[in-house]
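Listing of target38.cif; format and content: mmCIF, C-alpha atoms.
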```cif
data_model
#
loop_
_atom_site.group_PDB
_atom_site.id
_atom_site.type_symbol
_atom_site.label_atom_id
_atom_site.label_comp_id
_atom_site.auth_asym_id
_atom_site.auth_seq_id
_atom_site.Cartn_x
_atom_site.Cartn_y
_atom_site.Cartn_z
ATOM 1 C CA MET Z 85 -16.722 -255.812 26.828
ATOM 2 C CA GLY Z 86 -17.199 -253.672 23.732
ATOM 3 C CA ARG Z 87 -14.544 -251.464 22.157
ATOM 4 C CA PRO Z 88 -13.524 -249.342 25.151
ATOM 5 C CA ILE Z 89 -12.147 -250.393 28.532
ATOM 6 C CA THR Z 90 -13.102 -247.855 31.182
ATOM 7 C CA GLY Z 91 -10.445 -245.159 31.576
ATOM 8 C CA LEU Z 92 -7.915 -246.556 29.106
ATOM 9 C CA GLN Z 93 -8.853 -244.169 26.280
ATOM 10 C CA ALA Z 94 -7.586 -241.095 28.143
ATOM 11 C CA SER Z 95 -4.362 -239.873 26.542
ATOM 12 C CA SER Z 96 -1.940 -237.048 27.235
ATOM 13 C CA TYR Z 97 -2.358 -233.998 25.014
ATOM 14 C CA ALA Z 98 -5.597 -235.409 23.550
ATOM 15 C CA GLY Z 99 -6.510 -232.037 22.064
ATOM 16 C CA LEU Z 100 -3.051 -231.076 20.805
ATOM 17 C CA ILE Z 101 -1.454 -231.943 17.468
ATOM 18 C CA PRO Z 102 1.940 -230.172 17.516
ATOM 19 C CA PRO Z 103 2.978 -228.077 14.495
ATOM 20 C CA THR Z 104 6.206 -229.957 13.759
ATOM 21 C CA PRO Z 105 5.598 -232.451 10.901
ATOM 22 C CA GLY Z 106 6.753 -236.043 11.113
ATOM 23 C CA TRP Z 107 6.025 -239.327 12.846
ATOM 24 C CA LEU Z 108 5.082 -240.032 16.446
ATOM 25 C CA TRP Z 109 5.228 -243.645 17.613
ATOM 26 C CA ALA Z 110 3.618 -245.353 20.596
ATOM 27 C CA ALA Z 111 3.409 -248.834 22.066
ATOM 28 C CA ALA Z 112 0.915 -249.830 24.756
ATOM 29 C CA TYR Z 113 0.345 -252.915 26.883
ATOM 30 C CA ALA Z 114 -3.012 -253.288 28.640
ATOM 31 C CA TYR Z 115 -4.138 -255.958 31.097
ATOM 32 C CA TYR Z 116 -7.718 -256.505 32.185
ATOM 33 C CA ASP Z 117 -9.255 -259.204 34.364
ATOM 34 C CA GLY Z 118 -13.009 -258.838 34.765
ATOM 35 C CA LYS Z 119 -16.170 -260.826 35.315
ATOM 36 C CA ILE Z 120 -19.946 -260.739 35.314
ATOM 37 C CA GLY Z 121 -21.664 -262.796 38.000
ATOM 38 C CA ALA Z 122 -23.536 -265.981 37.133
ATOM 39 C CA SER Z 123 -26.832 -264.283 37.989
ATOM 40 C CA ARG Z 124 -26.662 -262.499 34.612
ATOM 41 C CA GLN Z 125 -27.132 -263.878 31.113
ATOM 42 C CA VAL Z 126 -24.404 -262.546 28.814
ATOM 43 C CA PRO Z 127 -24.472 -262.387 24.974
ATOM 44 C CA LEU Z 128 -21.376 -263.891 23.325
ATOM 45 C CA THR Z 129 -19.601 -262.662 20.184
ATOM 46 C CA GLY Z 130 -19.618 -266.182 18.746
ATOM 47 C CA GLY Z 131 -23.383 -266.438 19.243
ATOM 48 C CA GLY Z 132 -25.686 -267.490 22.061
ATOM 49 C CA THR Z 133 -25.480 -266.548 25.734
ATOM 50 C CA SER Z 134 -23.800 -267.716 28.940
ATOM 51 C CA LEU Z 135 -24.646 -267.504 32.627
ATOM 52 C CA GLY Z 136 -21.948 -265.130 33.780
ATOM 53 C CA LEU Z 137 -18.518 -264.742 32.249
ATOM 54 C CA GLU Z 138 -14.955 -264.251 33.441
ATOM 55 C CA GLY Z 139 -12.253 -262.987 31.118
ATOM 56 C CA GLN Z 140 -8.558 -262.169 31.209
ATOM 57 C CA PHE Z 141 -7.308 -259.967 28.379
ATOM 58 C CA GLN Z 142 -3.868 -258.762 27.343
ATOM 59 C CA LEU Z 143 -3.589 -256.232 24.541
ATOM 60 C CA LEU Z 144 -0.350 -255.110 22.891
ATOM 61 C CA SER Z 145 -0.782 -252.295 20.375
ATOM 62 C CA PHE Z 146 1.524 -250.290 18.133
ATOM 63 C CA THR Z 147 0.441 -246.865 16.899
ATOM 64 C CA GLY Z 148 1.885 -244.576 14.266
ATOM 65 C CA LEU Z 149 0.691 -240.973 14.000
ATOM 66 C CA TYR Z 150 1.857 -238.796 11.120
ATOM 67 C CA ILE Z 151 1.655 -235.013 11.503
ATOM 68 C CA TRP Z 152 1.059 -233.239 8.229
ATOM 69 C CA LYS Z 153 3.219 -230.357 7.066
ATOM 70 C CA THR Z 154 1.094 -227.199 7.117
ATOM 71 C CA GLU Z 155 1.631 -223.464 6.899
ATOM 72 C CA PRO Z 156 1.726 -221.679 10.270
ATOM 73 C CA SER Z 157 -1.862 -221.347 11.476
ATOM 74 C CA SER Z 158 -4.139 -222.146 14.396
ATOM 75 C CA TRP Z 159 -4.849 -225.605 12.906
ATOM 76 C CA ASN Z 160 -2.712 -228.739 12.575
ATOM 77 C CA TYR Z 161 -3.601 -232.134 11.135
ATOM 78 C CA ALA Z 162 -2.524 -235.746 11.541
ATOM 79 C CA SER Z 163 -3.444 -239.305 10.526
ATOM 80 C CA MET Z 164 -3.200 -242.386 12.720
ATOM 81 C CA VAL Z 165 -3.225 -246.187 12.514
ATOM 82 C CA THR Z 166 -3.086 -248.770 15.332
ATOM 83 C CA LEU Z 167 -2.077 -252.410 14.950
ATOM 84 C CA PRO Z 168 -3.260 -254.394 18.015
ATOM 85 C CA PHE Z 169 -2.536 -257.946 19.137
ATOM 86 C CA ALA Z 170 -4.519 -259.656 21.872
ATOM 87 C CA ASN Z 171 -4.555 -262.664 24.142
ATOM 88 C CA GLY Z 172 -7.864 -263.597 25.690
ATOM 89 C CA HIS Z 173 -8.864 -266.343 28.119
ATOM 90 C CA LEU Z 174 -12.563 -266.711 28.880
ATOM 91 C CA SER Z 175 -14.547 -268.936 31.205
ATOM 92 C CA VAL Z 176 -18.323 -269.344 31.357
ATOM 93 C CA ASP Z 177 -20.637 -271.356 33.569
ATOM 94 C CA ALA Z 178 -23.726 -273.118 32.266
ATOM 95 C CA ARG Z 179 -26.507 -274.491 34.435
ATOM 96 C CA ILE Z 180 -29.410 -276.573 33.121
ATOM 97 C CA GLY Z 181 -31.640 -278.028 35.801
ATOM 98 C CA ARG Z 182 -29.519 -280.123 38.182
ATOM 99 C CA PHE Z 183 -26.516 -280.056 35.884
ATOM 100 C CA SER Z 184 -23.780 -277.442 35.720
ATOM 101 C CA GLY Z 185 -20.459 -277.118 33.971
ATOM 102 C CA SER Z 186 -17.745 -274.726 32.946
ATOM 103 C CA VAL Z 187 -16.344 -273.986 29.508
ATOM 104 C CA HIS Z 188 -12.922 -272.393 28.962
ATOM 105 C CA ASP Z 189 -11.354 -271.034 25.800
ATOM 106 C CA SER Z 190 -8.332 -268.914 24.889
ATOM 107 C CA ASN Z 191 -6.957 -267.292 21.773
ATOM 108 C CA THR Z 192 -3.981 -265.175 20.694
ATOM 109 C CA GLY Z 193 -3.533 -263.150 17.543
ATOM 110 C CA LEU Z 194 -4.399 -259.968 15.655
ATOM 111 C CA PHE Z 195 -7.201 -257.902 17.175
ATOM 112 C CA ASP Z 196 -9.360 -255.288 15.393
ATOM 113 C CA MET Z 197 -7.255 -252.552 13.757
ATOM 114 C CA ALA Z 198 -8.110 -248.875 14.195
ATOM 115 C CA PHE Z 199 -7.341 -245.835 12.078
ATOM 116 C CA ALA Z 200 -8.207 -242.149 11.894
ATOM 117 C CA PRO Z 201 -7.857 -240.680 8.379
ATOM 118 C CA VAL Z 202 -7.810 -237.093 9.696
ATOM 119 C CA ILE Z 203 -7.308 -235.657 13.168
ATOM 120 C CA ALA Z 204 -7.742 -231.872 13.174
ATOM 121 C CA SER Z 205 -6.412 -229.853 16.109
ATOM 122 C CA HIS Z 206 -7.298 -226.220 16.774
ATOM 123 C CA HIS Z 207 -5.115 -224.082 19.044
ATOM 124 C CA PHE Z 208 -7.127 -221.416 20.862
ATOM 125 C CA SER Z 209 -3.915 -220.368 22.615
ATOM 126 C CA GLU Z 210 -0.575 -221.876 23.667
ATOM 127 C CA THR Z 211 -2.347 -223.548 26.604
ATOM 128 C CA GLN Z 212 -5.807 -224.432 25.233
ATOM 129 C CA HIS Z 213 -6.332 -226.947 22.426
ATOM 130 C CA VAL Z 214 -9.150 -229.056 20.946
ATOM 131 C CA SER Z 215 -9.136 -231.896 18.401
ATOM 132 C CA VAL Z 216 -11.853 -233.518 16.307
ATOM 133 C CA SER Z 217 -11.594 -236.828 14.477
ATOM 134 C CA LEU Z 218 -13.375 -239.953 13.286
ATOM 135 C CA TYR Z 219 -11.830 -243.243 14.428
ATOM 136 C CA VAL Z 220 -12.722 -246.385 12.490
ATOM 137 C CA TYR Z 221 -12.350 -249.919 13.903
ATOM 138 C CA ALA Z 222 -12.179 -252.741 11.347
ATOM 139 C CA PRO Z 223 -13.045 -256.413 12.126
ATOM 140 C CA THR Z 224 -9.556 -257.733 11.307
ATOM 141 C CA GLY Z 225 -9.380 -260.267 14.157
ATOM 142 C CA GLU Z 226 -10.099 -263.965 13.721
ATOM 143 C CA TYR Z 227 -13.767 -264.940 14.032
ATOM 144 C CA LYS Z 228 -15.400 -268.360 14.265
ATOM 145 C CA GLU Z 229 -19.093 -268.749 14.891
ATOM 146 C CA GLY Z 230 -19.699 -270.623 18.130
ATOM 147 C CA LYS Z 231 -16.189 -269.935 19.472
ATOM 148 C CA LEU Z 232 -16.013 -268.426 22.948
ATOM 149 C CA ALA Z 233 -12.704 -266.499 22.687
ATOM 150 C CA ASN Z 234 -13.018 -264.516 19.459
ATOM 151 C CA LEU Z 235 -10.427 -261.754 19.022
ATOM 152 C CA THR Z 236 -12.846 -259.427 17.272
ATOM 153 C CA LEU Z 237 -16.212 -257.762 17.805
ATOM 154 C CA HIS Z 238 -17.039 -258.900 14.239
ATOM 155 C CA ASN Z 239 -18.399 -255.504 13.224
ATOM 156 C CA TRP Z 240 -17.225 -252.119 12.008
ATOM 157 C CA THR Z 241 -17.265 -249.329 14.566
ATOM 158 C CA TYR Z 242 -17.254 -245.588 13.861
ATOM 159 C CA SER Z 243 -16.284 -243.234 16.688
ATOM 160 C CA PRO Z 244 -16.613 -239.457 16.222
ATOM 161 C CA THR Z 245 -14.274 -238.090 18.875
ATOM 162 C CA VAL Z 246 -13.474 -234.752 20.507
ATOM 163 C CA GLY Z 247 -10.301 -234.211 22.558
ATOM 164 C CA TYR Z 248 -9.496 -231.272 24.804
ATOM 165 C CA THR Z 249 -6.242 -230.213 26.494
ATOM 166 C CA GLN Z 250 -5.737 -227.379 28.968
ATOM 167 C CA LEU Z 251 -2.275 -226.550 30.327
ATOM 168 C CA PHE Z 252 -1.625 -224.683 33.584
ATOM 169 C CA GLN Z 253 1.358 -223.603 35.726
ATOM 170 C CA ASN Z 254 3.739 -222.884 32.847
ATOM 171 C CA GLU Z 255 2.519 -226.052 31.079
ATOM 172 C CA SER Z 256 3.632 -228.339 33.949
ATOM 173 C CA LEU Z 257 0.022 -229.223 34.857
ATOM 174 C CA GLU Z 258 -2.085 -230.899 32.168
ATOM 175 C CA TRP Z 259 -5.783 -231.685 32.022
ATOM 176 C CA SER Z 260 -6.873 -233.693 28.967
ATOM 177 C CA SER Z 261 -10.222 -235.295 28.158
ATOM 178 C CA THR Z 262 -11.582 -237.383 25.307
ATOM 179 C CA ALA Z 263 -15.291 -237.811 24.539
ATOM 180 C CA ALA Z 264 -16.692 -240.093 21.837
ATOM 181 C CA VAL Z 265 -19.739 -242.017 20.666
ATOM 182 C CA ASP Z 266 -19.140 -245.546 19.357
ATOM 183 C CA VAL Z 267 -21.576 -246.518 16.594
ATOM 184 C CA TYR Z 268 -21.534 -250.215 15.649
ATOM 185 C CA THR Z 269 -22.619 -251.973 12.486
ATOM 186 C CA LYS Z 270 -24.679 -255.149 12.757
ATOM 187 C CA ASP Z 271 -23.059 -258.544 13.260
ATOM 188 C CA TYR Z 272 -24.929 -260.544 10.620
ATOM 189 C CA ALA Z 273 -23.404 -263.859 11.728
ATOM 190 C CA THR Z 274 -25.305 -263.668 15.036
ATOM 191 C CA ASP Z 275 -28.033 -261.161 14.062
ATOM 192 C CA TYR Z 276 -26.852 -258.910 16.904
ATOM 193 C CA GLN Z 277 -26.813 -255.114 16.759
ATOM 194 C CA ASN Z 278 -24.859 -253.299 19.472
ATOM 195 C CA GLY Z 279 -26.378 -250.027 20.624
ATOM 196 C CA ALA Z 280 -24.405 -246.792 20.468
ATOM 197 C CA VAL Z 281 -22.102 -246.116 23.427
ATOM 198 C CA PHE Z 282 -21.080 -242.738 24.855
ATOM 199 C CA ARG Z 283 -17.759 -242.545 26.692
ATOM 200 C CA ILE Z 284 -15.584 -239.906 28.273
ATOM 201 C CA ASP Z 285 -12.073 -240.347 29.685
ATOM 202 C CA SER Z 286 -10.042 -237.731 31.523
ATOM 203 C CA LEU Z 287 -6.637 -237.362 33.143
ATOM 204 C CA LEU Z 288 -4.846 -234.776 35.276
ATOM 205 C CA ILE Z 289 -1.036 -234.887 35.435
ATOM 206 C CA LYS Z 290 1.494 -232.724 37.256
ATOM 207 C CA ARG Z 291 4.953 -232.962 35.670
ATOM 208 C CA PHE Z 292 8.153 -232.004 37.509
ATOM 209 C CA PRO Z 293 11.558 -230.793 36.241
ATOM 210 C CA SER Z 294 13.039 -234.203 37.109
ATOM 211 C CA GLY Z 295 10.967 -235.748 34.305
ATOM 212 C CA TRP Z 296 8.534 -237.541 36.622
ATOM 213 C CA GLY Z 297 4.821 -236.863 36.748
ATOM 214 C CA ILE Z 298 1.901 -238.005 38.911
ATOM 215 C CA GLY Z 299 -1.831 -237.667 38.568
ATOM 216 C CA ALA Z 300 -5.220 -239.291 38.321
ATOM 217 C CA VAL Z 301 -7.261 -240.806 35.508
ATOM 218 C CA GLY Z 302 -10.935 -241.694 35.184
ATOM 219 C CA GLY Z 303 -13.511 -242.936 32.722
ATOM 220 C CA TRP Z 304 -17.271 -243.201 32.222
ATOM 221 C CA ILE Z 305 -18.974 -245.512 29.697
ATOM 222 C CA GLU Z 306 -22.730 -245.216 29.163
ATOM 223 C CA GLN Z 307 -24.656 -247.134 26.513
ATOM 224 C CA ILE Z 308 -27.277 -244.762 25.069
ATOM 225 C CA GLU Z 309 -29.179 -247.268 22.895
ATOM 226 C CA ASP Z 310 -30.460 -250.776 23.508
ATOM 227 C CA ASP Z 311 -28.822 -253.688 21.756
ATOM 228 C CA THR Z 312 -31.246 -255.250 19.272
ATOM 229 C CA GLY Z 313 -31.791 -258.674 17.719
ATOM 230 C CA PRO Z 314 -33.353 -261.890 19.026
ATOM 231 C CA THR Z 315 -30.727 -262.436 21.733
ATOM 232 C CA ALA Z 316 -30.610 -258.777 22.792
ATOM 233 C CA ASP Z 317 -34.405 -258.530 22.901
ATOM 234 C CA ALA Z 318 -34.526 -261.542 25.237
ATOM 235 C CA LEU Z 319 -32.047 -259.708 27.510
ATOM 236 C CA ASN Z 320 -34.114 -256.457 27.526
ATOM 237 C CA GLY Z 321 -31.559 -254.589 25.406
ATOM 238 C CA PHE Z 322 -28.545 -255.399 27.620
ATOM 239 C CA LYS Z 323 -27.589 -251.739 28.125
ATOM 240 C CA GLY Z 324 -24.202 -251.341 29.805
ATOM 241 C CA ARG Z 325 -22.547 -248.767 32.054
ATOM 242 C CA SER Z 326 -19.329 -248.415 34.047
ATOM 243 C CA PHE Z 327 -17.161 -245.895 35.915
ATOM 244 C CA ALA Z 328 -13.485 -246.120 36.861
ATOM 245 C CA LEU Z 329 -10.925 -244.061 38.778
ATOM 246 C CA GLY Z 330 -7.260 -244.559 39.560
ATOM 247 C CA PRO Z 331 -3.726 -243.138 39.737
ATOM 248 C CA THR Z 332 -1.332 -242.550 36.868
ATOM 249 C CA GLY Z 333 2.387 -241.821 36.679
ATOM 250 C CA THR Z 334 4.709 -240.659 33.890
ATOM 251 C CA PHE Z 335 8.398 -240.241 33.147
ATOM 252 C CA LYS Z 336 9.721 -238.140 30.264
ATOM 253 C CA LYS Z 337 13.240 -238.031 28.835
ATOM 254 C CA THR Z 338 14.113 -235.368 26.272
ATOM 255 C CA TRP Z 339 17.145 -234.758 24.099
ATOM 256 C CA GLU Z 340 17.965 -232.558 21.140
ATOM 257 C CA GLY Z 341 15.574 -233.553 18.388
ATOM 258 C CA GLY Z 342 13.332 -235.947 20.293
ATOM 259 C CA GLN Z 343 11.745 -237.254 23.460
ATOM 260 C CA VAL Z 344 10.293 -240.441 24.954
ATOM 261 C CA GLU Z 345 7.606 -240.652 27.625
ATOM 262 C CA PHE Z 346 6.535 -243.678 29.654
ATOM 263 C CA SER Z 347 3.252 -243.779 31.534
ATOM 264 C CA PHE Z 348 1.418 -246.238 33.744
ATOM 265 C CA ARG Z 349 -2.146 -246.267 35.020
ATOM 266 C CA TRP Z 350 -4.316 -248.499 37.181
ATOM 267 C CA LEU Z 351 -8.053 -248.089 37.603
ATOM 268 C CA HIS Z 352 -10.820 -249.562 39.713
ATOM 269 C CA GLU Z 353 -14.208 -249.990 38.029
ATOM 270 C CA PHE Z 354 -17.414 -249.374 39.988
ATOM 271 C CA ASP Z 355 -21.153 -248.930 39.424
ATOM 272 C CA VAL Z 356 -20.914 -251.440 36.570
ATOM 273 C CA LYS Z 357 -23.986 -252.794 34.798
ATOM 274 C CA ASN Z 358 -24.064 -255.398 31.998
ATOM 275 C CA ARG Z 359 -20.311 -255.177 31.473
ATOM 276 C CA LEU Z 360 -17.280 -256.972 32.822
ATOM 277 C CA LYS Z 361 -16.090 -255.472 36.125
ATOM 278 C CA GLY Z 362 -12.406 -255.434 37.018
ATOM 279 C CA ASN Z 363 -9.254 -253.353 37.464
ATOM 280 C CA PRO Z 364 -7.722 -252.344 34.109
ATOM 281 C CA ALA Z 365 -4.048 -251.379 33.924
ATOM 282 C CA MET Z 366 -1.931 -250.025 31.067
ATOM 283 C CA LEU Z 367 1.714 -249.232 30.360
ATOM 284 C CA THR Z 368 2.575 -247.002 27.372
ATOM 285 C CA ALA Z 369 5.694 -245.639 25.719
ATOM 286 C CA SER Z 370 5.565 -242.814 23.160
ATOM 287 C CA LEU Z 371 8.469 -241.608 21.013
ATOM 288 C CA SER Z 372 8.873 -238.495 18.899
ATOM 289 C CA LEU Z 373 11.919 -237.732 16.772
#
```
Once you've parsed the file, please lay out its structure as structure tokens.
Amino acid sequence: MGRPITGLQASSYAGLIPPTPGWLWAAAYAYYDGKIGASRQVPLTGGGTSLGLEGQFQLLSFTGLYIWKTEPSSWNYASMVTLPFANGHLSVDARIGRFSGSVHDSNTGLFDMAFAPVIASHHFSETQHVSVSLYVYAPTGEYKEGKLANLTLHNWTYSPTVGYTQLFQNESLEWSSTAAVDVYTKDYATDYQNGAVFRIDSLLIKRFPSGWGIGAVGGWIEQIEDDTGPTADALNGFKGRSFALGPTGTFKKTWEGGQVEFSFRWLHEFDVKNRLKGNPAMLTASLSL
């Protein structure tokens, strides 16, 4: 599956770090049920390959973002850390000659943490904003060689990222996009090197005075390098690709000194190659005080 799930990286106000210093908090729950047909050989994090794979994943993450205190200017800065927990259930089919069988495995625990030491946001105007950052994913999840359901990619990942936000109609209509390239280190336990992956996620939301908002969200993942290593070479590089589109809805409640916003999205993946294919969904809640 890799680091990203198609369309789930899109976030409201991706290019905008507000000028008010302090903490922003967010919690997110994501559910994904996807599969690759048994006609494809699939490399496994624990080593080896399977004929097809089906996985159900639940991810609960908690994020803290601290906005730095700065003098009034066209730039603002923040730092971020995400603590994720995951539950994964995987099933694979193996066929050797006349014999076939299924293997199932599940696991629950800490997933790979992510942090961004510096997120810099530039304000071209009150309605046009861009951010630049480097996100780092650490292999903090449990790993056992030969295990099917590992809650880690067992490598470090570095993701230079650009976010953009454009506001229209007195800031009631928002278009935000996030583009990044994920660069993976080698997994020495399995001698597997993931190729770099380009991804872009975008959302369009119309918010109403009642606090409700509706819109659409989409994502595109395109692997730009072959995977390498003995297993990857046998699979001709196992380059992956996927697209996804779907609806999103939000509700915001504000009060003096703070606000909370809830959002939900559901996406349908299509034109998928060498990746799990399914319908990811996510519920988030963000709080600022």
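The residues returned by the PyMOL selection byres ((chain Z and resi 336) around 6) on the shown structure are Z:Gly295, Z:Phe335, Z:Lys337, Z:Val344, Z:Glu345.
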>> What would the selection look like, as a PyMOL selection string, if the PyMOL selection byres ((chain Z and resi 124-137) around 8) were run on the coordinates I just shared?
In response: chain Z and resi 119-123+138-139+174-179+227-234+237-238+273-274+315-316+319+358+360
Do you know which residues the PyMOL selection byres ((chain Z and resi 342) around 10) returns on this file, as a JSON list (two decimals) with C-alpha atoms, keeping the file's coordinate frame?
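Full text of part29.json as output:
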```json
[["chain", "number", "residue", "atom", "x", "y", "z"],
["Z", 108, "LEU", "CA", 5.08, -240.03, 16.45],
["Z", 337, "LYS", "CA", 13.24, -238.03, 28.84],
["Z", 338, "THR", "CA", 14.11, -235.37, 26.27],
["Z", 339, "TRP", "CA", 17.14, -234.76, 24.10],
["Z", 340, "GLU", "CA", 17.96, -232.56, 21.14],
["Z", 341, "GLY", "CA", 15.57, -233.55, 18.39],
["Z", 343, "GLN", "CA", 11.74, -237.25, 23.46],
["Z", 344, "VAL", "CA", 10.29, -240.44, 24.95],
["Z", 371, "LEU", "CA", 8.47, -241.61, 21.01],
["Z", 372, "SER", "CA", 8.87, -238.50, 18.90],
["Z", 373, "LEU", "CA", 11.92, -237.73, 16.77]]
```
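The point (-21.7, -251.3, 13.3) has these residues within 9 Å of it when only C-alpha atoms are used: His238, Asn239, Trp240, Thr241, Tyr242, Asp266, Val267, Tyr268, Thr269, Lys270, Asp271, Gln277, Asn278, Gly279 and Ala280 of chain Z.
Proximity to range 198-204 of chain Z at 8 Å, evaluated using all atoms listed in the file and with sequence-adjacent residues fewer than 2 positions away removed, yields Ile101, Trp159, Asn160, Tyr161, Ala162, Ser163, Met164, Val165, Thr166, Leu167, Asp196, His206, Ser215, Val216, Ser217, Leu218, Tyr219, Val220, Tyr221 and Ala222 of chain Z.
When CA of Thr312 in chain Z is paired with CA of Gly225 in chain Z, their separation reads 23.0 Å.
Using all atoms listed in the file, the protein and nucleic acid residues lying no more than 6 Å from Gly313 in chain Z, apart from those fewer than 3 places from it along its own chain, are Z:Asp275, Z:Tyr276, Z:Ala316, Z:Asp317.
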> Expressed in Å to a single decimal, how great is the separation between CA of Trp109 in chain Z and CA of Gly247 in chain Z?
Replying inline: 18.8 Å
>> Report as a list in words all protein, DNA and RNA residues lying within 6 Å of Val281 in chain Z, evaluated on only C-alpha atoms, omitting residues in the same chain fewer than 6 positions from it.
In response: Val265, Asp266, Glu306, Gln307 and Ile308 of chain Z
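CA of Ser256 in chain Z is positioned 22.0 Å from CA of Leu329 in chain Z.
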Centre and edges of the range 238-243 of chain Z box, axis-aligned, 4 Å extra per side, as JSON:
```
{"center_x": -17.3, "center_y": -251.1, "center_z": 14.3, "size_x": 10.1, "size_y": 23.7, "size_z": 12.7}
```
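Take the candidates Z:Ser326, Z:Thr368, Z:Ser261, Z:Asn363 and check each one against Val301 in chain Z using all atoms listed in the file; the shortest distance goes to Z:Ser261.
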> Neighbours of Leu351 in chain Z within 9 Å (all atoms listed in the file; same-chain residues fewer than 2 positions away dropped), as an MDAnalysis selection string?
Replying inline: chainID Z and resid 90:92 301:303 328:332 349 353 362:365
> What lies within 10 Å of His207 in chain Z using only C-alpha atoms, ignoring chain neighbours under 2 positions off, as a list in words?
Replying inline: Gly99, Leu100, Ile101, Pro102, Ser157, Ser158, Trp159, Asn160, Ser205, Ser209, Glu210, Thr211, Gln212, His213, Val214, Ser215 and Thr249 of chain Z
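Using all atoms listed in the file, the nearest neighbour of Thr262 in chain Z within the list Z:Tyr115, Z:Thr147, Z:Phe354, Z:Gln93 is Z:Gln93.
For the choices Z:Ser190, Z:Ser95, Z:Ser294, Z:Ser145, the atom-to-atom distance to Ala263 in chain Z is smallest for Z:Ser95 when using all atoms listed in the file.
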Hey, could you patch up range 113-118 of chain Z with all heavy atoms and hand it over as a compact mmCIF listing (two decimals), in the frame of the given file?
```
# COMPACT_ATOMS: atom_id res chain seq x y z
N TYR Z 113 0.71 -251.59 26.38
CA TYR Z 113 0.34 -252.92 26.88
C TYR Z 113 -0.75 -252.73 27.93
O TYR Z 113 -0.57 -252.00 28.91
CB TYR Z 113 1.54 -253.63 27.50
CG TYR Z 113 1.16 -254.89 28.27
CD1 TYR Z 113 0.85 -256.07 27.60
CD2 TYR Z 113 1.08 -254.87 29.66
CE1 TYR Z 113 0.48 -257.20 28.30
CE2 TYR Z 113 0.71 -256.00 30.37
CZ TYR Z 113 0.41 -257.16 29.69
OH TYR Z 113 0.04 -258.29 30.37
N ALA Z 114 -1.88 -253.38 27.71
CA ALA Z 114 -3.01 -253.29 28.64
C ALA Z 114 -3.35 -254.67 29.17
O ALA Z 114 -3.31 -255.66 28.44
CB ALA Z 114 -4.23 -252.67 27.95
N TYR Z 115 -3.70 -254.71 30.46
CA TYR Z 115 -4.14 -255.96 31.10
C TYR Z 115 -5.47 -255.71 31.79
O TYR Z 115 -5.65 -254.70 32.48
CB TYR Z 115 -3.11 -256.44 32.12
CG TYR Z 115 -3.56 -257.71 32.84
CD1 TYR Z 115 -3.37 -258.95 32.24
CD2 TYR Z 115 -4.17 -257.65 34.08
CE1 TYR Z 115 -3.80 -260.11 32.87
CE2 TYR Z 115 -4.59 -258.81 34.72
CZ TYR Z 115 -4.40 -260.03 34.11
OH TYR Z 115 -4.84 -261.16 34.75
N TYR Z 116 -6.39 -256.65 31.59
CA TYR Z 116 -7.72 -256.50 32.18
C TYR Z 116 -8.24 -257.87 32.58
O TYR Z 116 -8.24 -258.81 31.78
CB TYR Z 116 -8.66 -255.85 31.18
CG TYR Z 116 -10.05 -255.58 31.73
CD1 TYR Z 116 -10.24 -254.73 32.81
CD2 TYR Z 116 -11.17 -256.17 31.15
CE1 TYR Z 116 -11.50 -254.48 33.31
CE2 TYR Z 116 -12.44 -255.92 31.63
CZ TYR Z 116 -12.61 -255.07 32.71
OH TYR Z 116 -13.86 -254.82 33.21
N ASP Z 117 -8.66 -257.98 33.83
CA ASP Z 117 -9.26 -259.20 34.36
C ASP Z 117 -10.60 -258.82 34.95
O ASP Z 117 -10.67 -258.09 35.95
CB ASP Z 117 -8.34 -259.80 35.44
CG ASP Z 117 -8.82 -261.17 35.92
OD1 ASP Z 117 -10.01 -261.49 35.71
OD2 ASP Z 117 -8.02 -261.91 36.50
N GLY Z 118 -11.68 -259.24 34.31
CA GLY Z 118 -13.01 -258.84 34.76
C GLY Z 118 -14.00 -259.97 34.68
O GLY Z 118 -13.76 -261.01 34.05
```
